[in-house]
file input-v2.cif (mmCIF, C-alpha atoms)
data_input
loop_
_atom_site.group_PDB
_atom_site.id
_atom_site.type_symbol
_atom_site.label_atom_id
_atom_site.label_comp_id
_atom_site.auth_asym_id
_atom_site.auth_seq_id
_atom_site.Cartn_x
_atom_site.Cartn_y
_atom_site.Cartn_z
ATOM 1 C CA MET A 14 -26.895 13.302 5.616
ATOM 2 C CA LYS A 15 -23.809 11.453 4.376
ATOM 3 C CA THR A 16 -21.642 9.658 6.899
ATOM 4 C CA LYS A 17 -17.983 10.563 6.614
ATOM 5 C CA ILE A 18 -15.839 7.599 5.600
ATOM 6 C CA LYS A 19 -13.212 7.010 8.258
ATOM 7 C CA THR A 20 -9.551 6.463 7.491
ATOM 8 C CA TYR A 21 -7.860 4.105 9.962
ATOM 9 C CA ASP A 22 -4.316 3.310 10.890
ATOM 10 C CA SER A 23 -3.625 -0.325 11.796
ATOM 11 C CA GLN A 24 -4.274 0.091 15.505
ATOM 12 C CA GLY A 25 -7.435 2.155 15.000
ATOM 13 C CA PHE A 26 -8.927 -0.401 12.608
ATOM 14 C CA ARG A 27 -8.281 -3.223 15.016
ATOM 15 C CA LYS A 28 -9.921 -1.350 17.900
ATOM 16 C CA GLU A 29 -12.976 -0.615 15.768
ATOM 17 C CA TYR A 30 -13.615 -4.074 14.323
ATOM 18 C CA PHE A 31 -11.940 -6.689 16.537
ATOM 19 C CA ASN A 32 -12.509 -7.968 20.068
ATOM 20 C CA ASP A 33 -10.019 -6.763 22.636
ATOM 21 C CA ASN A 34 -8.626 -9.905 24.213
ATOM 22 C CA SER A 35 -5.322 -11.389 25.249
ATOM 23 C CA ARG A 36 -5.274 -13.933 22.410
ATOM 24 C CA LEU A 37 -5.448 -11.209 19.763
ATOM 25 C CA ASP A 38 -2.936 -9.154 21.722
ATOM 26 C CA GLY A 39 -0.562 -12.063 21.346
ATOM 27 C CA LEU A 40 -1.147 -12.172 17.603
ATOM 28 C CA PHE A 41 -0.687 -8.464 16.990
ATOM 29 C CA LYS A 42 1.845 -7.212 19.537
ATOM 30 C CA LYS A 43 5.066 -7.386 17.569
ATOM 31 C CA SER A 44 8.029 -5.058 17.192
ATOM 32 C CA ILE A 45 7.379 -4.323 13.507
ATOM 33 C CA ILE A 46 5.076 -1.319 13.232
ATOM 34 C CA ASP A 47 2.211 -1.310 10.712
ATOM 35 C CA PHE A 48 2.820 -4.834 9.446
ATOM 36 C CA PHE A 49 1.223 -8.182 10.110
ATOM 37 C CA CYS A 50 0.699 -11.467 8.299
ATOM 38 C CA LEU A 51 -1.785 -13.824 9.948
ATOM 39 C CA ARG A 52 -3.959 -16.807 9.130
ATOM 40 C CA ILE A 53 -7.525 -15.756 8.416
ATOM 41 C CA GLU A 54 -8.905 -18.555 10.606
ATOM 42 C CA ASP A 55 -6.992 -17.151 13.591
ATOM 43 C CA LEU A 56 -8.749 -13.795 13.181
ATOM 44 C CA ILE A 57 -12.331 -14.840 12.405
ATOM 45 C CA SER A 58 -13.382 -15.392 16.022
ATOM 46 C CA GLY A 59 -12.188 -11.927 16.930
ATOM 47 C CA VAL A 60 -14.238 -10.002 14.354
ATOM 48 C CA LEU A 61 -16.913 -7.875 16.047
ATOM 49 C CA ASN A 62 -19.043 -6.513 13.207
ATOM 50 C CA PRO A 63 -19.271 -6.226 9.434
ATOM 51 C CA ILE A 64 -16.922 -3.529 8.149
ATOM 52 C CA LEU A 65 -18.594 -0.263 7.207
ATOM 53 C CA PRO A 66 -17.208 1.687 4.222
ATOM 54 C CA SER A 67 -13.717 2.593 5.410
ATOM 55 C CA LYS A 68 -10.230 3.491 4.269
ATOM 56 C CA GLU A 69 -6.927 2.275 5.637
ATOM 57 C CA GLU A 70 -3.501 3.864 5.463
ATOM 58 C CA SER A 71 -2.007 0.463 4.628
ATOM 59 C CA HIS A 72 -2.169 -2.076 1.801
ATOM 60 C CA THR A 73 -3.820 -5.448 2.451
ATOM 61 C CA PHE A 74 -3.451 -8.767 0.615
ATOM 62 C CA ILE A 75 -5.958 -11.542 1.330
ATOM 63 C CA PHE A 76 -5.051 -14.987 -0.020
ATOM 64 C CA VAL A 77 -7.905 -17.503 0.187
ATOM 65 C CA THR A 78 -7.074 -21.221 0.311
ATOM 66 C CA GLU A 79 -10.472 -22.594 1.386
ATOM 67 C CA GLY A 80 -14.006 -21.158 1.294
ATOM 68 C CA SER A 81 -14.896 -17.736 -0.072
ATOM 69 C CA TYR A 82 -16.290 -14.387 0.988
ATOM 70 C CA LYS A 83 -17.549 -11.195 -0.518
ATOM 71 C CA THR A 84 -16.271 -7.664 -0.102
ATOM 72 C CA LYS A 85 -16.860 -4.336 -1.790
ATOM 73 C CA ILE A 86 -14.182 -2.029 -3.143
ATOM 74 C CA GLY A 87 -15.889 1.251 -3.863
ATOM 75 C CA PHE A 88 -19.321 0.274 -5.166
ATOM 76 C CA LYS A 89 -18.226 -2.963 -6.833
ATOM 77 C CA GLU A 90 -18.630 -6.304 -5.082
ATOM 78 C CA TYR A 91 -16.014 -9.039 -5.387
ATOM 79 C CA GLU A 92 -16.144 -12.674 -4.318
ATOM 80 C CA ILE A 93 -12.731 -14.009 -3.410
ATOM 81 C CA LYS A 94 -12.347 -17.732 -4.047
ATOM 82 C CA PRO A 95 -9.557 -20.244 -3.392
ATOM 83 C CA ASN A 96 -6.276 -19.484 -5.169
ATOM 84 C CA GLN A 97 -7.066 -15.797 -5.521
ATOM 85 C CA VAL A 98 -5.367 -12.825 -3.880
ATOM 86 C CA LEU A 99 -7.456 -9.757 -3.138
ATOM 87 C CA THR A 100 -5.543 -6.478 -3.061
ATOM 88 C CA ILE A 101 -7.023 -3.615 -1.047
ATOM 89 C CA GLN A 102 -4.758 -0.655 -1.707
ATOM 90 C CA ALA A 103 -4.071 2.046 0.846
ATOM 91 C CA GLY A 104 -6.639 4.824 0.607
ATOM 92 C CA VAL A 105 -9.384 2.949 -1.286
ATOM 93 C CA VAL A 106 -12.891 2.631 0.148
ATOM 94 C CA PHE A 107 -13.821 -0.949 1.047
ATOM 95 C CA SER A 108 -16.474 -2.698 3.117
ATOM 96 C CA VAL A 109 -17.501 -6.193 4.197
ATOM 97 C CA GLU A 110 -21.250 -6.591 4.689
ATOM 98 C CA GLU A 111 -21.166 -10.057 6.293
ATOM 99 C CA ILE A 112 -18.832 -11.335 8.998
ATOM 100 C CA ILE A 113 -16.366 -13.755 7.435
ATOM 101 C CA LYS A 114 -16.940 -17.412 8.371
ATOM 102 C CA ASN A 115 -15.496 -20.767 7.315
ATOM 103 C CA VAL A 116 -12.660 -19.202 5.331
ATOM 104 C CA LYS A 117 -9.002 -20.200 5.442
ATOM 105 C CA GLY A 118 -5.974 -18.432 4.073
ATOM 106 C CA PHE A 119 -3.777 -15.493 4.968
ATOM 107 C CA THR A 120 -4.088 -11.753 5.344
ATOM 108 C CA CYS A 121 -0.966 -9.632 4.920
ATOM 109 C CA HIS A 122 -1.188 -5.993 5.929
ATOM 110 C CA PHE A 123 1.601 -3.453 5.452
ATOM 111 C CA HIS A 124 1.982 0.325 5.400
ATOM 112 C CA PRO A 125 3.613 1.776 2.245
ATOM 113 C CA ASN A 126 6.488 2.877 4.504
ATOM 114 C CA THR A 127 7.254 -0.822 5.081
ATOM 115 C CA LEU A 128 8.602 -0.903 1.519
ATOM 116 C CA ILE A 129 11.117 1.816 2.319
ATOM 117 C CA GLY A 130 13.935 -0.060 3.968
ATOM 118 C CA LYS A 131 17.622 -0.667 3.689
ATOM 119 C CA PHE A 132 17.144 -2.799 0.592
ATOM 120 C CA GLY A 133 14.467 -0.656 -1.074
ATOM 121 C CA ASN A 134 14.573 -0.360 -4.831
ATOM 122 C CA ARG A 135 12.842 2.665 -6.364
ATOM 123 C CA SER A 136 12.318 1.227 -9.824
ATOM 124 C CA LEU A 137 11.028 -2.071 -8.429
ATOM 125 C CA ILE A 138 8.414 -0.408 -6.235
ATOM 126 C CA SER A 139 7.193 1.861 -9.028
ATOM 127 C CA ASP A 140 6.538 -1.271 -11.119
ATOM 128 C CA PHE A 141 4.099 -2.793 -8.618
ATOM 129 C CA GLU A 142 0.996 -1.537 -10.418
ATOM 130 C CA PHE A 143 -1.342 -3.621 -8.278
ATOM 131 C CA LEU A 144 -0.500 -1.300 -5.351
ATOM 132 C CA ASN A 145 -1.993 1.656 -7.226
ATOM 133 C CA ALA A 146 -5.646 2.324 -6.404
ATOM 134 C CA GLY A 147 -8.038 0.885 -8.968
ATOM 135 C CA ASN A 148 -5.604 -1.645 -10.458
ATOM 136 C CA TYR A 149 -5.907 -5.442 -10.287
ATOM 137 C CA PRO A 150 -8.199 -5.937 -7.231
ATOM 138 C CA ILE A 151 -8.080 -9.712 -7.709
ATOM 139 C CA ILE A 152 -5.014 -11.656 -8.833
ATOM 140 C CA ASP A 153 -5.560 -15.254 -9.902
ATOM 141 C CA ILE A 154 -2.872 -17.667 -8.734
ATOM 142 C CA LYS A 155 -1.939 -20.215 -11.386
ATOM 143 C CA ASP A 156 -1.433 -23.849 -10.399
ATOM 144 C CA SER A 157 2.242 -23.531 -11.312
ATOM 145 C CA SER A 158 2.654 -20.621 -8.867
ATOM 146 C CA LYS A 159 0.370 -21.800 -6.057
ATOM 147 C CA SER A 160 3.055 -23.635 -4.083
ATOM 148 C CA ALA A 161 5.485 -20.700 -4.195
ATOM 149 C CA ILE A 162 2.840 -18.113 -3.198
ATOM 150 C CA LEU A 163 1.521 -20.316 -0.385
ATOM 151 C CA ASN A 164 5.028 -20.894 0.974
ATOM 152 C CA ILE A 165 5.769 -17.157 1.001
ATOM 153 C CA PHE A 166 2.584 -16.368 2.928
ATOM 154 C CA ARG A 167 3.386 -19.178 5.373
ATOM 155 C CA ARG A 168 6.909 -17.854 5.910
ATOM 156 C CA LEU A 169 5.667 -14.292 6.381
ATOM 157 C CA ALA A 170 3.139 -15.501 8.968
ATOM 158 C CA THR A 171 5.775 -17.596 10.749
ATOM 159 C CA GLU A 172 8.403 -14.846 10.763
ATOM 160 C CA PHE A 173 5.818 -12.347 12.045
ATOM 161 C CA GLU A 174 4.671 -14.761 14.749
ATOM 162 C CA ASN A 175 8.285 -15.240 15.863
ATOM 163 C CA ASP A 176 8.896 -11.476 15.774
ATOM 164 C CA THR A 177 11.795 -11.990 13.394
ATOM 165 C CA ASN A 178 14.328 -9.390 12.284
ATOM 166 C CA PRO A 179 12.444 -6.864 10.071
ATOM 167 C CA ASN A 180 15.017 -7.273 7.282
ATOM 168 C CA ILE A 181 13.983 -10.912 6.842
ATOM 169 C CA ILE A 182 10.311 -9.944 6.639
ATOM 170 C CA HIS A 183 11.179 -7.198 4.123
ATOM 171 C CA ALA A 184 12.935 -9.790 1.985
ATOM 172 C CA TYR A 185 9.931 -12.142 1.976
ATOM 173 C CA LEU A 186 7.541 -9.242 1.325
ATOM 174 C CA TYR A 187 9.572 -8.152 -1.716
ATOM 175 C CA THR A 188 9.568 -11.755 -2.924
ATOM 176 C CA LEU A 189 5.774 -11.895 -2.621
ATOM 177 C CA LEU A 190 5.373 -8.597 -4.478
ATOM 178 C CA SER A 191 7.701 -9.781 -7.231
ATOM 179 C CA GLU A 192 5.823 -13.067 -7.636
ATOM 180 C CA LEU A 193 2.479 -11.241 -7.843
ATOM 181 C CA LYS A 194 3.970 -8.822 -10.360
ATOM 182 C CA ILE A 195 4.840 -11.751 -12.632
ATOM 183 C CA LEU A 196 1.303 -13.137 -12.369
ATOM 184 C CA VAL A 197 -0.234 -9.736 -13.124
ATOM 185 C CA GLY A 198 2.020 -9.343 -16.161
ATOM 186 C CA GLU A 199 1.092 -12.789 -17.455
ATOM 187 C CA SER A 200 -2.668 -12.380 -17.033
ATOM 188 C CA ASN A 201 -2.930 -8.671 -17.878
ATOM 189 C CA ALA A 202 -6.664 -8.989 -17.273
ATOM 190 C CA VAL A 203 -7.330 -5.258 -17.067
ATOM 191 C CA LYS A 204 -8.255 -3.610 -20.347
ATOM 192 C CA GLN A 205 -5.713 -0.916 -20.982
ATOM 193 C CA GLY A 206 -7.813 1.845 -22.498
ATOM 194 C CA ALA A 207 -6.790 5.435 -23.262
ATOM 195 C CA SER A 208 -7.104 6.605 -19.643
ATOM 196 C CA TYR A 209 -4.966 3.718 -18.448
ATOM 197 C CA GLN A 210 -2.285 4.469 -21.035
ATOM 198 C CA ILE A 211 -2.266 8.174 -20.116
ATOM 199 C CA THR A 212 -2.025 7.341 -16.421
ATOM 200 C CA THR A 213 0.839 4.897 -16.996
ATOM 201 C CA GLN A 214 2.732 7.444 -19.112
ATOM 202 C CA PHE A 215 2.092 10.139 -16.509
ATOM 203 C CA ARG A 216 3.346 8.022 -13.583
ATOM 204 C CA THR A 217 6.444 7.034 -15.576
ATOM 205 C CA LEU A 218 7.204 10.696 -16.307
ATOM 206 C CA VAL A 219 6.678 11.703 -12.673
ATOM 207 C CA HIS A 220 9.177 9.071 -11.533
ATOM 208 C CA ALA A 221 11.683 10.164 -14.191
ATOM 209 C CA LYS A 222 11.387 13.875 -13.381
ATOM 210 C CA ILE A 223 10.572 13.684 -9.679
ATOM 211 C CA LYS A 224 13.433 16.005 -8.673
ATOM 212 C CA GLU A 225 12.447 18.754 -11.124
ATOM 213 C CA ASN A 226 9.461 19.827 -9.005
ATOM 214 C CA LEU A 227 7.115 19.978 -12.027
ATOM 215 C CA LYS A 228 3.384 20.725 -11.784
ATOM 216 C CA VAL A 229 0.410 19.024 -13.438
ATOM 217 C CA ALA A 230 0.379 21.624 -16.230
ATOM 218 C CA ASP A 231 4.047 20.891 -16.967
ATOM 219 C CA PHE A 232 3.391 17.175 -17.363
ATOM 220 C CA ALA A 233 0.286 17.858 -19.466
ATOM 221 C CA ARG A 234 2.371 19.976 -21.827
ATOM 222 C CA ILE A 235 5.018 17.260 -22.152
ATOM 223 C CA MET A 236 2.298 14.697 -22.873
ATOM 224 C CA ASN A 237 0.478 17.017 -25.295
ATOM 225 C CA VAL A 238 -2.850 16.806 -23.434
ATOM 226 C CA SER A 239 -4.812 19.391 -21.473
ATOM 227 C CA PRO A 240 -4.333 19.508 -17.678
ATOM 228 C CA ASN A 241 -8.051 18.817 -17.243
ATOM 229 C CA HIS A 242 -7.942 15.727 -19.470
ATOM 230 C CA LEU A 243 -4.821 14.468 -17.694
ATOM 231 C CA ASN A 244 -6.439 14.919 -14.302
ATOM 232 C CA LYS A 245 -9.678 13.194 -15.339
ATOM 233 C CA SER A 246 -7.774 10.254 -16.832
ATOM 234 C CA VAL A 247 -5.600 9.761 -13.764
ATOM 235 C CA LYS A 248 -8.536 10.065 -11.378
ATOM 236 C CA SER A 249 -10.626 7.556 -13.335
ATOM 237 C CA ILE A 250 -7.881 4.939 -12.936
ATOM 238 C CA THR A 251 -6.390 5.688 -9.506
ATOM 239 C CA ALA A 252 -9.227 7.571 -7.716
ATOM 240 C CA LYS A 253 -6.605 10.252 -7.005
ATOM 241 C CA SER A 254 -5.982 13.557 -8.754
ATOM 242 C CA ALA A 255 -2.870 14.096 -10.846
ATOM 243 C CA SER A 256 -1.561 16.451 -8.183
ATOM 244 C CA GLU A 257 -2.110 13.878 -5.427
ATOM 245 C CA THR A 258 -0.291 11.298 -7.537
ATOM 246 C CA ILE A 259 2.711 13.611 -7.919
ATOM 247 C CA ASP A 260 2.765 14.182 -4.153
ATOM 248 C CA GLU A 261 2.483 10.451 -3.452
ATOM 249 C CA ILE A 262 5.444 9.573 -5.691
ATOM 250 C CA LYS A 263 7.423 12.531 -4.391
ATOM 251 C CA LEU A 264 6.899 11.391 -0.788
ATOM 252 C CA ILE A 265 8.275 7.941 -1.611
ATOM 253 C CA GLU A 266 11.465 9.518 -2.962
ATOM 254 C CA ILE A 267 11.771 11.824 0.057
ATOM 255 C CA LYS A 268 11.366 8.911 2.464
ATOM 256 C CA TYR A 269 14.061 6.971 0.632
ATOM 257 C CA LEU A 270 16.445 9.877 1.050
ATOM 258 C CA LEU A 271 15.542 10.231 4.732
ATOM 259 C CA TYR A 272 16.050 6.516 5.300
ATOM 260 C CA GLN A 273 18.940 5.612 3.025
ATOM 261 C CA SER A 274 21.103 8.733 2.933
ATOM 262 C CA ASN A 275 23.015 10.881 5.382
ATOM 263 C CA LEU A 276 21.893 14.097 3.690
ATOM 264 C CA SER A 277 20.627 16.839 5.963
ATOM 265 C CA ILE A 278 17.002 17.988 5.732
ATOM 266 C CA SER A 279 18.128 21.097 3.837
ATOM 267 C CA GLU A 280 20.177 19.019 1.417
ATOM 268 C CA ILE A 281 17.210 16.714 0.764
ATOM 269 C CA SER A 282 15.038 19.783 0.211
ATOM 270 C CA TYR A 283 17.412 21.092 -2.490
ATOM 271 C CA GLU A 284 17.801 17.597 -3.950
ATOM 272 C CA MET A 285 14.020 17.443 -4.434
ATOM 273 C CA GLY A 286 13.839 20.868 -6.081
ATOM 274 C CA TYR A 287 12.682 22.895 -3.063
ATOM 275 C CA LEU A 288 14.726 26.050 -2.626
ATOM 276 C CA ASP A 289 13.025 26.824 0.686
ATOM 277 C CA PRO A 290 13.638 24.094 3.307
ATOM 278 C CA SER A 291 10.833 25.454 5.501
ATOM 279 C CA TYR A 292 8.329 25.010 2.641
ATOM 280 C CA PHE A 293 9.685 21.500 2.097
ATOM 281 C CA THR A 294 9.133 20.702 5.779
ATOM 282 C CA ARG A 295 5.567 22.039 5.646
ATOM 283 C CA PHE A 296 4.855 19.954 2.535
ATOM 284 C CA PHE A 297 6.062 16.784 4.252
ATOM 285 C CA LYS A 298 4.389 17.414 7.608
ATOM 286 C CA LYS A 299 1.014 18.239 6.025
ATOM 287 C CA ARG A 300 0.935 14.806 4.389
ATOM 288 C CA GLU A 301 2.698 12.661 6.988
ATOM 289 C CA ASN A 302 1.703 14.456 10.226
ATOM 290 C CA VAL A 303 5.348 14.492 11.313
ATOM 291 C CA SER A 304 8.274 16.622 10.206
ATOM 292 C CA PRO A 305 11.118 15.119 8.113
ATOM 293 C CA THR A 306 13.320 15.210 11.218
ATOM 294 C CA GLU A 307 10.706 13.384 13.307
ATOM 295 C CA PHE A 308 10.198 10.821 10.530
ATOM 296 C CA ARG A 309 13.936 10.096 10.447
ATOM 297 C CA GLU A 310 13.962 9.706 14.246
ATOM 298 C CA LEU A 311 11.055 7.236 14.052
ATOM 299 C CA ILE A 312 12.946 5.202 11.455
ATOM 300 C CA GLU A 313 16.065 5.091 13.631
ATOM 301 C CA LYS A 314 14.007 3.808 16.571
ATOM 302 C CA SER A 315 12.249 1.082 14.557
#
call {"tool": "encode", "arguments": {"input": "input-v2.cif", "output": "structure tokens"}}
result
Amino acid sequence: MKTKIKTYDSQGFRKEYFNDNSRLDGLFKKSIIDFFCLRIEDLISGVLNPILPSKEESHTFIFVTEGSYKTKIGFKEYEIKPNQVLTIQAGVVFSVEEIIKNVKGFTCHFHPNTLIGKFGNRSLISDFEFLNAGNYPIIDIKDSSKSAILNIFRRLATEFENDTNPNIIHAYLYTLLSELKILVGESNAVKQGASYQITTQFRTLVHAKIKENLKVADFARIMNVSPNHLNKSVKSITAKSASETIDEIKLIEIKYLLYQSNLSISEISYEMGYLDPSYFTRFFKKRENVSPTEFRELIEKS
């Protein structure tokens, strides 16, 4: 009998795999929800058990400065060495078979919603390919970039420790993402086969036509491929169906409008191509577990 792979939020993952003690409470209890940046060596003593195959709702970067350790993403094992950044994207299956020891560096953990702030940039976020499942699990840090990357992780850890204004942390997080984007573009280590090209074209089209409420078949027709071939290509690269990818990109746009605009829920519904606001609300709540109104209230409180 197969064991169901659990999907954790930040708090649930910590309860499952870390000791419950006052020292860790001091590290984690900050005002910014679903974000932390900590030194790996500060967390090692609190790890309870190896991590069983799991999913998280958040993205995780692990930057190793000393030592190494192994982890699995899906069925493939990776060994992370000094001057490498491991990216574990939200929703991917990962596991760690041995408790991490004698490793130094940083772990930065953030929910996709963290990227939706007052200074959010749609086009910039859509360009961060290493946040898409299946892309660039390990990013090599060049000697020329090491100092800059290390300083950003240090500042993120310091600002988190001091419980700094979230806008400052957002700024450093965007800087880190932008620096990693440059490194990914320079190395381009992933072979860009036909499926990759189709997926890239598809995601670009979805972003361009996000407010037209198009379906998978519509995009397949524009791209002159069959819906089945489009879906298989996208799933082979991202581990998500074409339909799930559309929903994911659509939710990002909706959250921007909820955060950055004064439009009513009905106006956002029409803006996104939904003629029935109640259907729009059901779509959002099914995927986020809160209504658009509740999501906006949570943002205002954060």
call {"tool": "resolve_selection", "arguments": {"input": "input-v2.cif", "expression": "the PyMOL selection byres ((chain A and resi 271) around 12)", "output": "number ranges by chain"}}
result
A: 126, 129-131, 264-270, 272-282, 284-285, 297, 304-313
call {"tool": "closest_residue", "arguments": {"input": "input-v2.cif", "among": "A:Lys43, A:His72, A:Lys19, A:Lys117", "to": "A:Leu56", "atoms": "only C-alpha atoms"}}
result
A:Lys117
call {"tool": "residues_around", "arguments": {"input": "input-v2.cif", "residues": "A:Gly118", "least_positions_apart": "5", "cutoff": "6 Å", "atoms": "only C-alpha atoms", "output": "count of residues only"}}
result
5
call {"tool": "closest_atom_pairs", "arguments": {"input": "input-v2.cif", "of": "stretch 251-307 of chain A", "to": "stretch 210-219 of chain A", "cutoff": "10 Å", "atoms": "only C-alpha atoms", "output": "Markdown table"}}
result
| residue | atom | partner | partner_atom | distance |
| --- | --- | --- | --- | --- |
| A:Thr251 | CA | A:Thr212 | CA | 8.3 |
| A:Ala255 | CA | A:Phe215 | CA | 8.5 |
| A:Thr258 | CA | A:Arg216 | CA | 7.8 |
| A:Ile259 | CA | A:Val219 | CA | 6.5 |
| A:Asp260 | CA | A:Val219 | CA | 9.7 |
| A:Ile262 | CA | A:Val219 | CA | 7.4 |
| A:Lys263 | CA | A:Val219 | CA | 8.4 |
call {"tool": "atom_distance", "arguments": {"input": "input-v2.cif", "atom1": "atom CA of A:Val106", "atom2": "atom CA of A:Leu65"}}
result
9.5 Å
call {"tool": "resolve_selection", "arguments": {"input": "input-v2.cif", "expression": "the PyMOL selection byres ((chain A and resi 155) around 9)", "output": "PyMOL selection string"}}
result
chain A and resi 96-97+153-154+156-159+196
call {"tool": "resolve_selection", "arguments": {"input": "input-v2.cif", "expression": "the PyMOL selection byres ((chain A and resi 169) around 8)", "output": "ChimeraX atom specification"}}
result
/A:50,165-168,170-173,182,185-186
call {"tool": "residues_around", "arguments": {"input": "input-v2.cif", "residues": "A:Phe48", "least_positions_apart": "3", "cutoff": "9 Å", "atoms": "only C-alpha atoms", "output": "ChimeraX atom specification"}}
result
/A:23,43,45,71,121-124,127,173
call {"tool": "decode", "arguments": {"input": "input-v2.cif", "residues": "stretch 189-196 of chain A", "atoms": "all heavy atoms", "output": "mmCIF file, in the first residue's frame"}}
result
data_model
loop_
_atom_site.group_PDB
_atom_site.id
_atom_site.type_symbol
_atom_site.label_atom_id
_atom_site.label_comp_id
_atom_site.auth_asym_id
_atom_site.auth_seq_id
_atom_site.Cartn_x
_atom_site.Cartn_y
_atom_site.Cartn_z
ATOM 1 N N LEU A 189 18.311 38.713 -4.473
ATOM 2 C CA LEU A 189 18.833 37.345 -4.542
ATOM 3 C C LEU A 189 18.301 36.627 -5.778
ATOM 4 O O LEU A 189 19.069 36.000 -6.523
ATOM 5 C CB LEU A 189 18.439 36.575 -3.279
ATOM 6 C CG LEU A 189 18.814 35.089 -3.260
ATOM 7 C CD1 LEU A 189 20.318 34.903 -3.362
ATOM 8 C CD2 LEU A 189 18.267 34.421 -1.993
ATOM 9 N N LEU A 190 17.004 36.731 -6.016
ATOM 10 C CA LEU A 190 16.400 36.085 -7.184
ATOM 11 C C LEU A 190 17.013 36.605 -8.478
ATOM 12 O O LEU A 190 17.285 35.838 -9.412
ATOM 13 C CB LEU A 190 14.885 36.313 -7.187
ATOM 14 C CG LEU A 190 14.096 35.620 -6.077
ATOM 15 C CD1 LEU A 190 12.665 36.147 -6.039
ATOM 16 C CD2 LEU A 190 14.089 34.112 -6.256
ATOM 17 N N SER A 191 17.248 37.900 -8.538
ATOM 18 C CA SER A 191 17.813 38.503 -9.744
ATOM 19 C C SER A 191 19.248 38.044 -9.976
ATOM 20 O O SER A 191 19.651 37.780 -11.113
ATOM 21 C CB SER A 191 17.754 40.033 -9.648
ATOM 22 O OG SER A 191 16.407 40.469 -9.545
ATOM 23 N N GLU A 192 20.024 37.934 -8.883
ATOM 24 C CA GLU A 192 21.397 37.449 -9.009
ATOM 25 C C GLU A 192 21.423 35.995 -9.481
ATOM 26 O O GLU A 192 22.230 35.613 -10.338
ATOM 27 C CB GLU A 192 22.134 37.578 -7.667
ATOM 28 C CG GLU A 192 22.437 39.003 -7.235
ATOM 29 C CD GLU A 192 23.594 39.608 -8.022
ATOM 30 O OE1 GLU A 192 24.282 38.878 -8.755
ATOM 31 O OE2 GLU A 192 23.802 40.827 -7.895
ATOM 32 N N LEU A 193 20.540 35.167 -8.930
ATOM 33 C CA LEU A 193 20.480 33.760 -9.337
ATOM 34 C C LEU A 193 20.013 33.634 -10.782
ATOM 35 O O LEU A 193 20.479 32.765 -11.524
ATOM 36 C CB LEU A 193 19.537 32.988 -8.407
ATOM 37 C CG LEU A 193 20.008 32.827 -6.959
ATOM 38 C CD1 LEU A 193 18.939 32.120 -6.129
ATOM 39 C CD2 LEU A 193 21.324 32.061 -6.888
ATOM 40 N N LYS A 194 19.117 34.525 -11.187
ATOM 41 C CA LYS A 194 18.651 34.515 -12.576
ATOM 42 C C LYS A 194 19.813 34.760 -13.540
ATOM 43 O O LYS A 194 19.911 34.104 -14.587
ATOM 44 C CB LYS A 194 17.574 35.585 -12.770
ATOM 45 C CG LYS A 194 17.094 35.724 -14.201
ATOM 46 C CD LYS A 194 16.143 36.900 -14.324
ATOM 47 C CE LYS A 194 15.826 37.172 -15.784
ATOM 48 N NZ LYS A 194 14.993 38.370 -15.951
ATOM 49 N N ILE A 195 20.692 35.673 -13.189
ATOM 50 C CA ILE A 195 21.861 35.959 -14.030
ATOM 51 C C ILE A 195 22.751 34.727 -14.137
ATOM 52 O O ILE A 195 23.202 34.348 -15.224
ATOM 53 C CB ILE A 195 22.651 37.149 -13.461
ATOM 54 C CG1 ILE A 195 21.834 38.439 -13.594
ATOM 55 C CG2 ILE A 195 23.997 37.298 -14.172
ATOM 56 C CD1 ILE A 195 22.426 39.621 -12.868
ATOM 57 N N LEU A 196 22.984 34.054 -13.005
ATOM 58 C CA LEU A 196 23.836 32.870 -12.999
ATOM 59 C C LEU A 196 23.230 31.742 -13.822
ATOM 60 O O LEU A 196 23.923 31.040 -14.554
ATOM 61 C CB LEU A 196 24.085 32.401 -11.565
ATOM 62 C CG LEU A 196 24.998 33.298 -10.735
ATOM 63 C CD1 LEU A 196 24.962 32.885 -9.267
ATOM 64 C CD2 LEU A 196 26.424 33.240 -11.260
#
